[in-house]
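Notes to accompany the following structure.
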Amino acid sequence: DKPNTGEVDWWSFVDSRIVEKLSDRSKSELVACLTPFEVSEAKMFFRSFDADSDGKITLREAEKAYERWFASLWSKVLNCSDSTTGPKKNPELTKRVGEHVKVNVKIFMEADEKKHGTVSWSQFLRDQSIYILAARRNAANLYKIKPKPEEMEIIEAETSYTRIE
């Protein structure tokens, strides 16, 4: 119930149940279920955080990446005219960005199982695989009209995976 309405929508319920069910599996099993497309998308995300391209994400790199992302997001939400300057010119934006960065960086750095202060690509993929798999949708039920050919390629890529039972 993210908007605190006292109700949970169908997809939020399904998503939470999927994560619960998938958490019974080992991280290695979950990684093995990812499609090449999903791995490629995850790698692009990883690289966007790895500022120095050394194959590891430090705490500071994660903070900077989340600051950029949340500043951009909240600038749009709060209709700030200049998202390139970041949250410094808007106290409400500064507060909201800071809160989100802190929470998300903490969660992100939990992938650093050996507590070296960095997250490697393999640690990242193992940690994120459960969320990548949970984000899949039953594509056949999502489309009421026939998808365009380019949409079908994405649907097929997202739904061609090893079945988890």
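By order of appearance in the structure tokens: chains A, B, ..., then residues from 1 within every chain, and ligands from 1 in the order shown.
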Report as a ChimeraX atom specification all protein, DNA and RNA residues lying within 10 Å of Ile18 (chain A), evaluated on only C-alpha atoms, omitting residues in the same chain fewer than 4 positions from it. /A:12-14,22-23,130-131,133-136
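If you look at CA of Gly98 (chain A) and CA of Glu67 (chain A), they are 7.5 Å away from each other.
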Skipping near chain neighbours, those fewer than 3 positions away, what residues fall within 10 Å of region 111-121 of chain A using only C-alpha atoms, listed as a list in words?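 These residues fall inside the cut-off: Ala42, Lys43, Phe46, Arg47, Asp50, Asp54, Gly55, Lys56, Ile57, Thr58, Leu59, Arg60, Glu61, Ala62, Lys106, Ile107, Phe108, Phe124, Leu125, Arg126, Asp127 and Gln128 of chain A.
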Next, dump the selected residues to file, keeping only N, CA and C atoms, as a CSV table (one decimal), in the first residue's frame.
chain,number,residue,atom,x,y,z
A,42,ALA,N,20.6,-5.3,-17.0
A,42,ALA,CA,21.2,-5.2,-15.7
A,42,ALA,C,22.6,-4.7,-15.8
A,43,LYS,N,23.3,-5.2,-16.8
A,43,LYS,CA,24.7,-4.7,-17.0
A,43,LYS,C,24.8,-3.3,-17.3
A,46,PHE,N,24.3,-1.5,-14.1
A,46,PHE,CA,25.5,-1.6,-13.3
A,46,PHE,C,26.5,-0.6,-13.8
A,47,ARG,N,26.7,-0.5,-15.1
A,47,ARG,CA,27.7,0.4,-15.7
A,47,ARG,C,27.4,1.8,-15.4
A,50,ASP,N,28.9,2.5,-12.1
A,50,ASP,CA,30.3,2.3,-12.0
A,50,ASP,C,31.1,3.4,-12.7
A,54,ASP,N,35.7,0.4,-13.2
A,54,ASP,CA,36.7,-0.6,-12.7
A,54,ASP,C,36.0,-1.9,-12.4
A,55,GLY,N,34.7,-2.0,-12.7
A,55,GLY,CA,34.0,-3.3,-12.5
A,55,GLY,C,33.5,-3.4,-11.1
A,56,LYS,N,33.6,-2.4,-10.2
A,56,LYS,CA,33.1,-2.4,-8.9
A,56,LYS,C,32.4,-1.1,-8.6
A,57,ILE,N,31.4,-1.1,-7.8
A,57,ILE,CA,30.6,0.1,-7.4
A,57,ILE,C,30.9,0.3,-5.9
A,58,THR,N,31.5,1.5,-5.7
A,58,THR,CA,31.8,1.9,-4.3
A,58,THR,C,30.5,2.5,-3.7
A,59,LEU,N,30.6,2.7,-2.4
A,59,LEU,CA,29.5,3.4,-1.6
A,59,LEU,C,29.3,4.8,-2.2
A,60,ARG,N,30.4,5.5,-2.5
A,60,ARG,CA,30.3,6.8,-3.0
A,60,ARG,C,29.7,6.9,-4.4
A,61,GLU,N,30.1,5.9,-5.3
A,61,GLU,CA,29.5,5.8,-6.6
A,61,GLU,C,28.0,5.5,-6.6
A,62,ALA,N,27.6,4.7,-5.6
A,62,ALA,CA,26.2,4.4,-5.5
A,62,ALA,C,25.5,5.6,-5.0
A,106,LYS,N,21.8,2.0,1.1
A,106,LYS,CA,21.9,0.9,2.2
A,106,LYS,C,21.5,-0.4,1.6
A,107,ILE,N,20.4,-0.5,0.9
A,107,ILE,CA,19.9,-1.7,0.3
A,107,ILE,C,20.8,-2.2,-0.8
A,108,PHE,N,21.3,-1.3,-1.6
A,108,PHE,CA,22.2,-1.6,-2.7
A,108,PHE,C,23.5,-2.2,-2.2
A,124,PHE,N,26.2,-7.9,-7.7
A,124,PHE,CA,25.1,-7.1,-8.1
A,124,PHE,C,24.0,-8.0,-8.8
A,125,LEU,N,24.4,-8.8,-9.8
A,125,LEU,CA,23.5,-9.6,-10.5
A,125,LEU,C,22.8,-10.6,-9.6
A,126,ARG,N,23.6,-11.2,-8.7
A,126,ARG,CA,23.0,-12.2,-7.8
A,126,ARG,C,22.0,-11.5,-6.9
A,127,ASP,N,22.3,-10.3,-6.4
A,127,ASP,CA,21.4,-9.6,-5.5
A,127,ASP,C,20.1,-9.1,-6.2
A,128,GLN,N,20.3,-8.7,-7.4
A,128,GLN,CA,19.1,-8.0,-8.1
A,128,GLN,C,18.3,-9.0,-8.9
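Between CA of Ser16 (chain A) and CA of Leu34 (chain A) the separation is 18.9 Å.
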Rounded to one decimal, what separation in Å do you get between CA of Val39 (chain A) and CA of Asn104 (chain A)?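 Between these atoms lies a distance of 20.9 Å.
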